[in-house]
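Quick notes on the structure that follows.
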Amino acid sequence: MRTLGSWIGNNIVIEDKWNKITEIQKKVINIWKASHPTLQGKELILKALITSRSWFLAAVNGMPDHIEKEMTKIMKDFIWDGNKRGLMRLDYTAEIREKGGLGMPDLRTRMKAIDIMWLKNI
């Protein structure tokens, strides 16, 4: 059963929901790749169109580690145009611009923050 955008109930296979989200993310990125956005444009696309699709489901149902790794790879490939090595380490891309980063979303840190917020409300 779907309630407020999350999936609950007996025998729910959340893996299917995550696979659907990652497929949608890949399609959106492929569409935007054709326009050759700048790094700042890529940041906006990742924040507004890619990671935003997954936060609520992650907050309610959690995000499996392999999905986090797959989404991180999708974002890394988008940022660096499919090159194996980027211009800087991936963790530096999440730093704010004032500290020399690119302001890109960091899934692992965001997931920890979501978990902390759940603990705070208990």
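By order in the structure tokens, chains are A, B, ...; within a chain, residues start at 1; ligands start at 1, following the order shown.
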Quick one: residues within 10 Å of stretch 52-63 of chain A, only C-alpha atoms, excluding same-chain residues fewer than 6 positions away - as a ChimeraX atom specification?
/A:4-8,14-15,17-18,21-22,24-25,45-46,71,107-108,110-111,113-115,117-118
Using DSSP secondary structure from the backbone, list all strand (DSSP E) positions within chain A, as a PyMOL selection string.
chain A and resi 2-3+6-7
Among the residues of chain A, find those DSSP assigns to alpha helix (DSSP H) from the backbone and print them as a VMD selection string.
chain A and resid 14 to 33 39 to 45 55 to 61 65 to 79 90 to 93 107 to 121
Find the residues near stretch 80-97 of chain A: any atom within 10 Å, counting only C-alpha atoms, skip ones fewer than 6 places away on the same chain, and give them as an MDAnalysis selection string.
chainID A and resid 33 36 39 42:43 72:74 103:107 109
Provide the atom CA of A:Lys76 to atom CA of A:Lys47 distance in Å, to one decimal place.
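Those two atoms sit 13.2 Å apart.
As for atom CA of A:Lys112 and atom CA of A:Ala48, they are spaced 19.8 Å apart.
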For each of A:Phe78, A:Glu98, A:Asp16, A:Leu44, take the minimum atom-to-atom distance to A:Asn30, counting only C-alpha atoms, then give the residue where this is smallest.
A:Phe78
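Note that atom CA of A:Ile50 and atom CA of A:Lys27 are 10.0 Å apart.
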Rank nothing, just name the residue among A:Ile79, A:Leu119, A:Val28, A:Ile67 nearest to A:Gln40, using only C-alpha atoms.
A:Ile79
